[in-house]
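Working notes, structure below.
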Amino acid sequence: MLQDPPCYGTTDTASSPSPSPLFGLTAESETEQLVNEHIASRPVEQFRGATPPKREDYELALYFKSNCFNMFQADRRGYFRRERELIRSDRKHIALARPMTKLATILPASRPSAPKPVVKTSVNRVQKPKSPKIKAQVPRPIRATPTTARSTIRVSATPEPRVRTVAPNREDKDFASLRDYCPPLNSLPNKPNSLKVDWKGNALDLSKDPHAHLLHPDEILLAAGLRLDCATYLTSKRRIFIRRLECANIGKEFRKTDAQQACKIDVNKASKLWTAYDKVGWLDIKWMGQFLGNSV
């Protein structure tokens, strides 16, 4: 009895071999055959601790077709934006799931050890031979210069210091010997400490000075702040206004330099006196009006 050959192949491997099909295996038959072969060939001990995949899982994986490239070509910027958000979300979840580990405390750096003292080793010094002493020669006698010879004077390149015959007198307290061209004391402004200037140092105590009654209370504060006794202050004050009258007679402006040159005290203190008098208007030309033309 003749039997027609099958039109399509069968996936039953357990059955007896049959003639080759006329049209071969279909796509579904090929998929089933691949899945059966894979299941039959996988080792038994591979899935002892887990459930092995089912036949449907393998078939789904074979039917899967990637559309990533088509999605990328359709909207490139949107694709990149979605992928970036997915990556950020994954990193965020990984960071939250990761347990926080406390870092070990870093110990401070150790201090460098002190340098060891250098031990000087004795070295045998080689002594130089002593040179013999030479007797000092007797200087030659100076010949007398004949009277007929012309005397010459040698001029040294370095000038000799000037010899002072009289010691300078640093005391400048004889105010009574000087003419008084100072403005009246009642012309000071009616406010306390009108002659105040800045000066570093402790003030003098002039409460027992014998000439304190000749000064205005503001002048006493000024002299004490500059560490000048009353006699030195009065002398410097009169010298300043004498020089002020000289500048007024020749039409010259009275400046700090003129006050410094007129006084015989520290130039900085003379500058402070000029500043105090200028602040209250004592250096104004009007106070010299009655004395203009007078010889100083």
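Numbering starts fresh at 1 for the residues of each chain in the structure tokens, the chains themselves are lettered A, B, ... in the order given, and ligands are numbered from 1 as they appear.
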If you count only C-alpha atoms, which residues fall within 12 Å of stretch 249-265 of chain A, apart from same-chain ones fewer than 2 positions away, as a PyMOL selection string?
chain A and resi 168-175+226-229+232-247+267-278+282-285+288-296
Writer output for current selection, N, CA and C atoms, as a compact mmCIF listing (two decimals), in the first residue's frame:
```
# COMPACT_ATOMS: atom_id res chain seq x y z
N PRO A 168 76.25 124.78 72.70
CA PRO A 168 74.97 125.41 72.39
C PRO A 168 74.06 125.40 73.62
N ASN A 169 73.29 126.46 73.76
CA ASN A 169 72.37 126.58 74.87
C ASN A 169 71.00 126.11 74.41
N ARG A 170 70.59 124.93 74.87
CA ARG A 170 69.32 124.37 74.47
C ARG A 170 68.16 124.94 75.29
N GLU A 171 68.44 125.67 76.35
CA GLU A 171 67.38 126.29 77.14
C GLU A 171 66.90 127.55 76.42
N ASP A 172 65.59 127.58 76.11
CA ASP A 172 65.01 128.72 75.42
C ASP A 172 63.78 129.16 76.21
N LYS A 173 64.05 129.83 77.34
CA LYS A 173 62.97 130.18 78.26
C LYS A 173 62.94 131.66 78.63
N ASP A 174 63.80 132.45 78.02
CA ASP A 174 63.86 133.87 78.36
C ASP A 174 62.84 134.63 77.52
N PHE A 175 61.56 134.43 77.77
CA PHE A 175 60.52 135.07 76.98
C PHE A 175 60.43 136.57 77.27
N LEU A 226 52.01 119.05 74.51
CA LEU A 226 53.27 119.02 73.74
C LEU A 226 54.48 118.86 74.64
N ARG A 227 54.27 118.70 75.94
CA ARG A 227 55.35 118.50 76.91
C ARG A 227 56.32 119.68 76.90
N LEU A 228 55.75 120.88 76.95
CA LEU A 228 56.52 122.11 77.04
C LEU A 228 56.15 122.80 78.34
N ASP A 229 57.17 123.22 79.11
CA ASP A 229 56.85 124.01 80.30
C ASP A 229 56.39 125.40 79.87
N THR A 232 59.07 127.82 78.23
CA THR A 232 59.43 127.42 76.87
C THR A 232 58.29 127.69 75.90
N TYR A 233 57.07 127.46 76.36
CA TYR A 233 55.92 127.72 75.49
C TYR A 233 55.80 129.21 75.18
N LEU A 234 55.93 130.06 76.20
CA LEU A 234 55.82 131.50 75.96
C LEU A 234 56.92 132.01 75.05
N THR A 235 58.14 131.49 75.22
CA THR A 235 59.25 131.91 74.36
C THR A 235 58.99 131.49 72.92
N SER A 236 58.56 130.25 72.70
CA SER A 236 58.28 129.77 71.34
C SER A 236 57.11 130.54 70.74
N LYS A 237 56.11 130.85 71.55
CA LYS A 237 54.95 131.59 71.05
C LYS A 237 55.37 132.98 70.57
N ARG A 238 56.17 133.69 71.35
CA ARG A 238 56.60 135.03 70.95
C ARG A 238 57.51 134.98 69.73
N ARG A 239 58.36 133.94 69.62
CA ARG A 239 59.23 133.83 68.44
C ARG A 239 58.39 133.61 67.18
N ILE A 240 57.32 132.83 67.30
CA ILE A 240 56.46 132.58 66.13
C ILE A 240 55.82 133.87 65.65
N PHE A 241 55.30 134.70 66.57
CA PHE A 241 54.61 135.92 66.13
C PHE A 241 55.60 137.02 65.74
N ILE A 242 56.82 136.96 66.24
CA ILE A 242 57.85 137.88 65.73
C ILE A 242 58.13 137.56 64.26
N ARG A 243 58.26 136.26 63.97
CA ARG A 243 58.48 135.85 62.57
C ARG A 243 57.24 136.13 61.73
N ARG A 244 56.05 136.05 62.35
CA ARG A 244 54.82 136.37 61.61
C ARG A 244 54.80 137.83 61.19
N LEU A 245 55.27 138.71 62.06
CA LEU A 245 55.32 140.13 61.72
C LEU A 245 56.36 140.39 60.63
N GLU A 246 57.49 139.69 60.68
CA GLU A 246 58.51 139.86 59.64
C GLU A 246 57.95 139.47 58.27
N CYS A 247 57.23 138.34 58.20
CA CYS A 247 56.63 137.91 56.93
C CYS A 247 55.56 138.89 56.46
N VAL A 267 60.96 120.52 65.71
CA VAL A 267 60.23 121.04 64.57
C VAL A 267 58.80 120.52 64.53
N ASN A 268 58.59 119.30 65.00
CA ASN A 268 57.22 118.76 65.02
C ASN A 268 56.35 119.51 66.03
N LYS A 269 56.93 119.89 67.16
CA LYS A 269 56.15 120.65 68.14
C LYS A 269 55.87 122.05 67.61
N ALA A 270 56.84 122.64 66.90
CA ALA A 270 56.61 123.95 66.30
C ALA A 270 55.50 123.88 65.26
N SER A 271 55.44 122.78 64.50
CA SER A 271 54.36 122.61 63.51
C SER A 271 53.01 122.51 64.20
N LYS A 272 52.96 121.83 65.35
CA LYS A 272 51.70 121.72 66.09
C LYS A 272 51.26 123.09 66.64
N LEU A 273 52.21 123.93 67.08
CA LEU A 273 51.85 125.27 67.53
C LEU A 273 51.27 126.08 66.37
N TRP A 274 51.90 125.97 65.18
CA TRP A 274 51.39 126.68 63.99
C TRP A 274 49.96 126.21 63.69
N THR A 275 49.72 124.88 63.76
CA THR A 275 48.39 124.34 63.47
C THR A 275 47.36 124.85 64.47
N ALA A 276 47.73 124.90 65.77
CA ALA A 276 46.78 125.34 66.79
C ALA A 276 46.44 126.82 66.61
N TYR A 277 47.46 127.65 66.32
CA TYR A 277 47.22 129.08 66.16
C TYR A 277 46.43 129.36 64.88
N ASP A 278 46.69 128.60 63.84
CA ASP A 278 45.96 128.80 62.60
C ASP A 278 44.49 128.38 62.76
N TRP A 282 44.60 133.02 64.89
CA TRP A 282 45.63 133.93 65.39
C TRP A 282 46.65 134.31 64.32
N LEU A 283 46.78 133.51 63.27
CA LEU A 283 47.75 133.82 62.23
C LEU A 283 47.18 134.75 61.17
N ASP A 284 45.97 135.24 61.37
CA ASP A 284 45.36 136.17 60.42
C ASP A 284 46.15 137.48 60.42
N ILE A 285 46.22 138.12 59.25
CA ILE A 285 47.00 139.35 59.10
C ILE A 285 46.43 140.50 59.94
N MET A 288 48.27 141.58 63.00
CA MET A 288 49.56 142.25 62.79
C MET A 288 49.37 143.69 62.32
N GLY A 289 48.12 144.10 62.14
CA GLY A 289 47.88 145.43 61.58
C GLY A 289 48.46 146.56 62.40
N GLN A 290 48.34 146.52 63.72
CA GLN A 290 48.83 147.60 64.57
C GLN A 290 50.35 147.61 64.70
N PHE A 291 50.99 146.48 64.29
CA PHE A 291 52.44 146.42 64.41
C PHE A 291 53.16 146.55 63.07
N LEU A 292 52.43 146.64 61.95
CA LEU A 292 53.06 146.69 60.65
C LEU A 292 53.93 147.94 60.55
N GLY A 293 55.09 147.78 59.98
CA GLY A 293 56.04 148.88 59.86
C GLY A 293 57.01 148.96 61.00
N ASN A 294 56.73 148.20 62.10
CA ASN A 294 57.66 148.19 63.23
C ASN A 294 58.85 147.28 62.92
N SER A 295 60.01 147.69 63.34
CA SER A 295 61.19 146.85 63.16
C SER A 295 61.24 145.87 64.30
N VAL A 296 61.56 144.63 63.94
CA VAL A 296 61.58 143.57 64.93
C VAL A 296 62.96 143.46 65.56
```
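Separating atom CA of A:Arg88 from atom CA of A:Leu60 is a distance of 29.5 Å.
We find atom CA of A:Asp209 and atom CA of A:Gly225 to be spaced 14.5 Å apart.
Among A:Ala114, A:Leu215, A:Leu62, A:Met71, the residue with the shortest atom-to-atom distance to A:Thr31, counting only C-alpha atoms, is A:Leu62.
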